[in-house]
Amino acid sequence: MITLDVTGRLPIYEQLCRGICGEIAKGVLQENDRLPAARALAKELGINPNTVAKAYGALERDGVIYSVAGVGCFVAKQKDRADRRFLEEFEQKTREAKKAGVSEEMLRGILSRVYGEKEKHGQPGGDGK
């Protein structure tokens with residue numbers, strides 16, 4: 001279920017993009033699943049259909065979804081997109097940490113610990129599994 005914060009600073013179409021990406025990440029939406037028509041989703045969420053169309057356009061440009069003329073929008077294969085989305089979110093969180101006063105040295109320390117765990121345990125993610 002996608003929820004929107006109309007009082008938030010993030011534009012509604014971006015919230016919608018993140019919501020759809022979140023549904024994909026959770027497995028609620030899977031490759032080749034059809035998305036609701038823009039008008040239907042707009043009505044369900046109580047927003048302008050142009051906002052949904054803008055979100056769908058951005059998601060299509062990013063390779064998250066694809067459209068078939070006269071049929072609708074569908075979830076695209078996500079492997080490469082998931083990596084890119086993660087890096088975008090990582091960069092955003094790094095910028096937020098910087099604004100909050102977290103030093104570059106502290107961030108480097110965190111990265112060193114995480115990558116050290118990977119080497120120590122010999123497994124991706126450092127969980128030893």
# chains A, B, ... in the order shown; residues from 1 in each chain; ligands from 1
>>> select_by_dssp(residues="region 74-118 of chain A", states="helix (DSSP H, G or I)", output="ChimeraX atom specification")
/A:79-99,104-118
>>> write_last_selection(atoms="N, CA and C atoms", output="mmCIF file, in the first residue's frame")
data_model
loop_
_atom_site.group_PDB
_atom_site.id
_atom_site.type_symbol
_atom_site.label_atom_id
_atom_site.label_comp_id
_atom_site.auth_asym_id
_atom_site.auth_seq_id
_atom_site.Cartn_x
_atom_site.Cartn_y
_atom_site.Cartn_z
ATOM 1 N N LYS A 79 17.129 -6.089 -11.790
ATOM 2 C CA LYS A 79 18.480 -6.307 -11.276
ATOM 3 C C LYS A 79 19.364 -5.066 -11.340
ATOM 4 N N ASP A 80 19.584 -4.526 -12.509
ATOM 5 C CA ASP A 80 20.458 -3.363 -12.627
ATOM 6 C C ASP A 80 19.850 -2.143 -11.955
ATOM 7 N N ARG A 81 18.563 -1.988 -12.058
ATOM 8 C CA ARG A 81 17.890 -0.829 -11.479
ATOM 9 C C ARG A 81 17.995 -0.842 -9.966
ATOM 10 N N ALA A 82 17.901 -2.020 -9.359
ATOM 11 C CA ALA A 82 17.982 -2.108 -7.903
ATOM 12 C C ALA A 82 19.334 -1.604 -7.410
ATOM 13 N N ASP A 83 20.397 -1.951 -8.111
ATOM 14 C CA ASP A 83 21.726 -1.492 -7.723
ATOM 15 C C ASP A 83 21.828 0.018 -7.830
ATOM 16 N N ARG A 84 21.317 0.579 -8.903
ATOM 17 C CA ARG A 84 21.379 2.023 -9.115
ATOM 18 C C ARG A 84 20.545 2.750 -8.062
ATOM 19 N N ARG A 85 19.351 2.240 -7.771
ATOM 20 C CA ARG A 85 18.470 2.853 -6.776
ATOM 21 C C ARG A 85 19.140 2.837 -5.402
ATOM 22 N N PHE A 86 19.765 1.716 -5.065
ATOM 23 C CA PHE A 86 20.456 1.629 -3.785
ATOM 24 C C PHE A 86 21.545 2.695 -3.687
ATOM 25 N N LEU A 87 22.340 2.845 -4.742
ATOM 26 C CA LEU A 87 23.415 3.835 -4.715
ATOM 27 C C LEU A 87 22.875 5.252 -4.625
ATOM 28 N N GLU A 88 21.763 5.528 -5.276
ATOM 29 C CA GLU A 88 21.145 6.849 -5.173
ATOM 30 C C GLU A 88 20.690 7.114 -3.742
ATOM 31 N N GLU A 89 20.073 6.120 -3.118
ATOM 32 C CA GLU A 89 19.614 6.274 -1.740
ATOM 33 C C GLU A 89 20.793 6.401 -0.785
ATOM 34 N N PHE A 90 21.865 5.651 -1.047
ATOM 35 C CA PHE A 90 23.062 5.729 -0.214
ATOM 36 C C PHE A 90 23.652 7.136 -0.284
ATOM 37 N N GLU A 91 23.720 7.686 -1.486
ATOM 38 C CA GLU A 91 24.243 9.047 -1.641
ATOM 39 C C GLU A 91 23.362 10.050 -0.913
ATOM 40 N N GLN A 92 22.059 9.894 -1.018
ATOM 41 C CA GLN A 92 21.137 10.810 -0.339
ATOM 42 C C GLN A 92 21.334 10.732 1.174
ATOM 43 N N LYS A 93 21.435 9.527 1.712
ATOM 44 C CA LYS A 93 21.624 9.364 3.155
ATOM 45 C C LYS A 93 22.984 9.915 3.590
ATOM 46 N N THR A 94 23.988 9.779 2.740
ATOM 47 C CA THR A 94 25.305 10.328 3.053
ATOM 48 C C THR A 94 25.228 11.849 3.122
ATOM 49 N N ARG A 95 24.504 12.460 2.202
ATOM 50 C CA ARG A 95 24.320 13.920 2.226
ATOM 51 C C ARG A 95 23.584 14.350 3.498
ATOM 52 N N GLU A 96 22.571 13.579 3.895
ATOM 53 C CA GLU A 96 21.833 13.891 5.119
ATOM 54 C C GLU A 96 22.747 13.774 6.337
ATOM 55 N N ALA A 97 23.599 12.757 6.343
ATOM 56 C CA ALA A 97 24.539 12.587 7.457
ATOM 57 C C ALA A 97 25.501 13.770 7.524
ATOM 58 N N LYS A 98 25.961 14.221 6.372
ATOM 59 C CA LYS A 98 26.865 15.373 6.319
ATOM 60 C C LYS A 98 26.187 16.610 6.899
ATOM 61 N N LYS A 99 24.940 16.854 6.502
ATOM 62 C CA LYS A 99 24.191 17.999 7.017
ATOM 63 C C LYS A 99 23.984 17.897 8.521
ATOM 64 N N GLU A 104 33.393 13.122 7.503
ATOM 65 C CA GLU A 104 33.838 12.172 6.479
ATOM 66 C C GLU A 104 34.617 11.032 7.119
ATOM 67 N N GLU A 105 35.412 11.371 8.137
ATOM 68 C CA GLU A 105 36.199 10.341 8.821
ATOM 69 C C GLU A 105 35.288 9.303 9.478
ATOM 70 N N MET A 106 34.188 9.783 10.077
ATOM 71 C CA MET A 106 33.253 8.840 10.706
ATOM 72 C C MET A 106 32.628 7.921 9.662
ATOM 73 N N LEU A 107 32.247 8.495 8.520
ATOM 74 C CA LEU A 107 31.660 7.675 7.457
ATOM 75 C C LEU A 107 32.678 6.675 6.914
ATOM 76 N N ARG A 108 33.907 7.125 6.748
ATOM 77 C CA ARG A 108 34.951 6.203 6.283
ATOM 78 C C ARG A 108 35.160 5.070 7.292
ATOM 79 N N GLY A 109 35.082 5.407 8.568
ATOM 80 C CA GLY A 109 35.214 4.386 9.610
ATOM 81 C C GLY A 109 34.117 3.343 9.521
ATOM 82 N N ILE A 110 32.904 3.812 9.276
ATOM 83 C CA ILE A 110 31.775 2.879 9.136
ATOM 84 C C ILE A 110 31.990 1.968 7.928
ATOM 85 N N LEU A 111 32.392 2.565 6.800
ATOM 86 C CA LEU A 111 32.645 1.757 5.606
ATOM 87 C C LEU A 111 33.769 0.755 5.851
ATOM 88 N N SER A 112 34.821 1.192 6.528
ATOM 89 C CA SER A 112 35.934 0.280 6.824
ATOM 90 C C SER A 112 35.471 -0.885 7.691
ATOM 91 N N ARG A 113 34.638 -0.593 8.695
ATOM 92 C CA ARG A 113 34.127 -1.674 9.549
ATOM 93 C C ARG A 113 33.281 -2.649 8.752
ATOM 94 N N VAL A 114 32.391 -2.113 7.921
ATOM 95 C CA VAL A 114 31.510 -2.977 7.137
ATOM 96 C C VAL A 114 32.322 -3.848 6.188
ATOM 97 N N TYR A 115 33.261 -3.238 5.466
ATOM 98 C CA TYR A 115 34.067 -4.020 4.534
ATOM 99 C C TYR A 115 35.046 -4.921 5.271
ATOM 100 N N GLY A 116 35.459 -4.530 6.448
ATOM 101 C CA GLY A 116 36.297 -5.393 7.275
ATOM 102 C C GLY A 116 35.551 -6.627 7.725
ATOM 103 N N GLU A 117 34.274 -6.445 8.060
ATOM 104 C CA GLU A 117 33.439 -7.584 8.446
ATOM 105 C C GLU A 117 33.320 -8.559 7.288
ATOM 106 N N LYS A 118 33.163 -8.021 6.079
ATOM 107 C CA LYS A 118 33.050 -8.868 4.895
ATOM 108 C C LYS A 118 34.299 -9.730 4.760
#
>>> atom_distance(atom1="CA of Cys21 (chain A)", atom2="CA of Glu44 (chain A)")
18.0 Å
>>> atom_distance(atom1="CA of Val64 (chain A)", atom2="CA of Gln78 (chain A)")
6.6 Å
>>> residues_around(residues="Leu4 (chain A)", least_positions_apart="4", cutoff="12 Å", atoms="only C-alpha atoms", output="PDB file with C-alpha atoms, in the first residue's frame")
ATOM      1  CA  GLY A   8       5.950  16.726   3.278  1.00  0.00           C
ATOM      2  CA  ARG A   9       8.768  18.432   1.396  1.00  0.00           C
ATOM      3  CA  LEU A  10       9.155  15.637  -1.152  1.00  0.00           C
ATOM      4  CA  PRO A  11       6.965  16.177  -4.241  1.00  0.00           C
ATOM      5  CA  ILE A  12       4.002  13.819  -4.515  1.00  0.00           C
ATOM      6  CA  TYR A  13       5.212  12.275  -7.768  1.00  0.00           C
ATOM      7  CA  GLU A  14       8.569  11.428  -6.135  1.00  0.00           C
ATOM      8  CA  GLN A  15       6.777   9.915  -3.156  1.00  0.00           C
ATOM      9  CA  LEU A  16       4.760   7.839  -5.590  1.00  0.00           C
ATOM     10  CA  CYS A  17       7.943   6.727  -7.389  1.00  0.00           C
ATOM     11  CA  ARG A  18       9.487   5.688  -4.083  1.00  0.00           C
ATOM     12  CA  GLY A  19       6.299   3.934  -3.060  1.00  0.00           C
ATOM     13  CA  ILE A  20       6.189   1.901  -6.262  1.00  0.00           C
ATOM     14  CA  ALA A  42      -4.991   8.818  -8.955  1.00  0.00           C
ATOM     15  CA  GLU A  44      -7.493   5.661  -5.259  1.00  0.00           C
ATOM     16  CA  LEU A  45      -4.829   7.992  -3.818  1.00  0.00           C
ATOM     17  CA  GLY A  46      -6.852  11.174  -4.148  1.00  0.00           C
ATOM     18  CA  ILE A  47      -4.341  12.932  -6.394  1.00  0.00           C
TER      19      ILE A  47
END
>>> select_by_dssp(residues="region 31-85 of chain A", states="strand (DSSP E or B)", output="list of chain:residue names")
A:Arg34, A:Ile65, A:Tyr66, A:Ser67, A:Val68, A:Gly72, A:Cys73, A:Phe74, A:Val75
>>> residues_around(residues="Arg34 (chain A)", least_positions_apart="3", cutoff="8 Å", atoms="only C-alpha atoms", output="ChimeraX atom specification")
/A:72-75
>>> residues_around(residues="Ala76 (chain A)", least_positions_apart="2", cutoff="9 Å", atoms="only C-alpha atoms", output="PDB file with C-alpha atoms, in the first residue's frame")
ATOM      1  CA  GLN A  30       7.026  -8.314  -9.547  1.00  0.00           C
ATOM      2  CA  GLU A  31       8.476  -8.355 -13.035  1.00  0.00           C
ATOM      3  CA  ASN A  32       5.799  -7.938 -15.720  1.00  0.00           C
ATOM      4  CA  ASP A  33       3.040  -7.135 -13.200  1.00  0.00           C
ATOM      5  CA  GLU A  60       9.937   4.483 -17.165  1.00  0.00           C
ATOM      6  CA  GLY A  63      13.948   1.609 -16.276  1.00  0.00           C
ATOM      7  CA  VAL A  64      11.772   0.612 -13.329  1.00  0.00           C
ATOM      8  CA  ILE A  65       8.688   0.142 -15.490  1.00  0.00           C
ATOM      9  CA  TYR A  66       7.906  -0.123 -19.182  1.00  0.00           C
ATOM     10  CA  PHE A  74       4.343  -2.971 -16.320  1.00  0.00           C
ATOM     11  CA  GLN A  78      14.935  -4.970 -11.708  1.00  0.00           C
TER      12      GLN A  78
END
>>> atom_distance(atom1="CA of Ala69 (chain A)", atom2="CA of Met1 (chain A)")
26.1 Å
>>> closest_residue(among="A:Asn48, A:Ala37, A:Ala53, A:Ala100", to="Gly70 (chain A)", atoms="only C-alpha atoms")
A:Ala37
>>> closest_residue(among="A:Val6, A:Leu35, A:Val71, A:Val102", to="Leu59 (chain A)", atoms="only C-alpha atoms")
A:Leu35
>>> decode(residues="region 41-82 of chain A", atoms="N, CA and C atoms", output="compact mmCIF listing (two decimals), in the first residue's frame")
# COMPACT_ATOMS: atom_id res chain seq x y z
N LEU A 41 -5.33 4.87 -10.30
CA LEU A 41 -4.45 5.05 -9.15
C LEU A 41 -4.61 6.45 -8.56
N ALA A 42 -4.78 7.44 -9.43
CA ALA A 42 -4.99 8.82 -8.96
C ALA A 42 -6.27 8.90 -8.11
N LYS A 43 -7.31 8.26 -8.58
CA LYS A 43 -8.57 8.27 -7.83
C LYS A 43 -8.40 7.58 -6.49
N GLU A 44 -7.72 6.43 -6.49
CA GLU A 44 -7.49 5.66 -5.26
C GLU A 44 -6.70 6.48 -4.24
N LEU A 45 -5.70 7.23 -4.72
CA LEU A 45 -4.83 7.99 -3.82
C LEU A 45 -5.32 9.41 -3.56
N GLY A 46 -6.32 9.84 -4.32
CA GLY A 46 -6.85 11.17 -4.15
C GLY A 46 -5.93 12.26 -4.67
N ILE A 47 -5.25 11.96 -5.79
CA ILE A 47 -4.34 12.93 -6.39
C ILE A 47 -4.70 13.14 -7.86
N ASN A 48 -4.03 14.09 -8.48
CA ASN A 48 -4.27 14.42 -9.88
C ASN A 48 -3.70 13.32 -10.79
N PRO A 49 -4.44 12.90 -11.81
CA PRO A 49 -3.92 11.89 -12.74
C PRO A 49 -2.61 12.31 -13.41
N ASN A 50 -2.42 13.61 -13.61
CA ASN A 50 -1.15 14.09 -14.20
C ASN A 50 0.03 13.80 -13.29
N THR A 51 -0.20 13.79 -11.98
CA THR A 51 0.86 13.46 -11.03
C THR A 51 1.27 12.01 -11.19
N VAL A 52 0.31 11.13 -11.35
CA VAL A 52 0.61 9.71 -11.56
C VAL A 52 1.33 9.54 -12.89
N ALA A 53 0.86 10.22 -13.92
CA ALA A 53 1.51 10.13 -15.23
C ALA A 53 2.96 10.61 -15.15
N LYS A 54 3.21 11.67 -14.38
CA LYS A 54 4.58 12.17 -14.21
C LYS A 54 5.44 11.13 -13.50
N ALA A 55 4.89 10.49 -12.47
CA ALA A 55 5.63 9.45 -11.75
C ALA A 55 5.92 8.26 -12.67
N TYR A 56 4.90 7.83 -13.41
CA TYR A 56 5.10 6.71 -14.34
C TYR A 56 6.16 7.06 -15.38
N GLY A 57 6.13 8.29 -15.87
CA GLY A 57 7.14 8.72 -16.85
C GLY A 57 8.54 8.67 -16.28
N ALA A 58 8.70 9.14 -15.03
CA ALA A 58 10.01 9.11 -14.38
C ALA A 58 10.47 7.67 -14.15
N LEU A 59 9.56 6.82 -13.72
CA LEU A 59 9.91 5.41 -13.49
C LEU A 59 10.28 4.71 -14.80
N GLU A 60 9.61 5.08 -15.87
CA GLU A 60 9.94 4.48 -17.16
C GLU A 60 11.31 4.96 -17.64
N ARG A 61 11.60 6.23 -17.48
CA ARG A 61 12.92 6.76 -17.85
C ARG A 61 14.03 6.07 -17.04
N ASP A 62 13.73 5.74 -15.79
CA ASP A 62 14.71 5.09 -14.93
C ASP A 62 14.79 3.58 -15.15
N GLY A 63 13.91 3.04 -15.99
CA GLY A 63 13.95 1.61 -16.28
C GLY A 63 13.25 0.75 -15.24
N VAL A 64 12.48 1.37 -14.36
CA VAL A 64 11.77 0.61 -13.33
C VAL A 64 10.52 -0.03 -13.92
N ILE A 65 9.88 0.67 -14.83
CA ILE A 65 8.69 0.14 -15.49
C ILE A 65 8.83 0.32 -17.00
N TYR A 66 7.97 -0.33 -17.74
CA TYR A 66 7.91 -0.12 -19.18
C TYR A 66 6.44 -0.02 -19.56
N SER A 67 6.19 0.63 -20.68
CA SER A 67 4.80 0.77 -21.11
C SER A 67 4.60 0.07 -22.45
N VAL A 68 3.39 -0.40 -22.64
CA VAL A 68 2.97 -0.99 -23.90
C VAL A 68 1.80 -0.15 -24.38
N ALA A 69 1.96 0.46 -25.56
CA ALA A 69 0.94 1.36 -26.09
C ALA A 69 -0.43 0.70 -26.13
N GLY A 70 -1.39 1.38 -25.56
CA GLY A 70 -2.76 0.88 -25.57
C GLY A 70 -3.05 -0.21 -24.56
N VAL A 71 -2.04 -0.64 -23.82
CA VAL A 71 -2.22 -1.72 -22.85
C VAL A 71 -1.99 -1.24 -21.43
N GLY A 72 -0.86 -0.57 -21.18
CA GLY A 72 -0.58 -0.08 -19.83
C GLY A 72 0.88 -0.13 -19.48
N CYS A 73 1.15 0.07 -18.20
CA CYS A 73 2.52 0.07 -17.67
C CYS A 73 2.75 -1.20 -16.86
N PHE A 74 3.98 -1.71 -16.96
CA PHE A 74 4.34 -2.97 -16.32
C PHE A 74 5.68 -2.83 -15.61
N VAL A 75 5.90 -3.67 -14.61
CA VAL A 75 7.16 -3.68 -13.87
C VAL A 75 8.24 -4.31 -14.75
N ALA A 76 9.37 -3.61 -14.87
CA ALA A 76 10.49 -4.10 -15.67
C ALA A 76 11.38 -5.01 -14.81
N LYS A 77 12.27 -5.72 -15.46
CA LYS A 77 13.27 -6.51 -14.76
C LYS A 77 14.11 -5.57 -13.91
N GLN A 78 14.39 -5.93 -12.66
CA GLN A 78 14.94 -4.97 -11.71
C GLN A 78 16.40 -5.12 -11.32
N LYS A 79 17.13 -6.09 -11.79
CA LYS A 79 18.48 -6.31 -11.28
C LYS A 79 19.36 -5.07 -11.34
N ASP A 80 19.58 -4.53 -12.51
CA ASP A 80 20.46 -3.36 -12.63
C ASP A 80 19.85 -2.14 -11.95
N ARG A 81 18.56 -1.99 -12.06
CA ARG A 81 17.89 -0.83 -11.48
C ARG A 81 18.00 -0.84 -9.97
N ALA A 82 17.90 -2.02 -9.36
CA ALA A 82 17.98 -2.11 -7.90
C ALA A 82 19.33 -1.60 -7.41
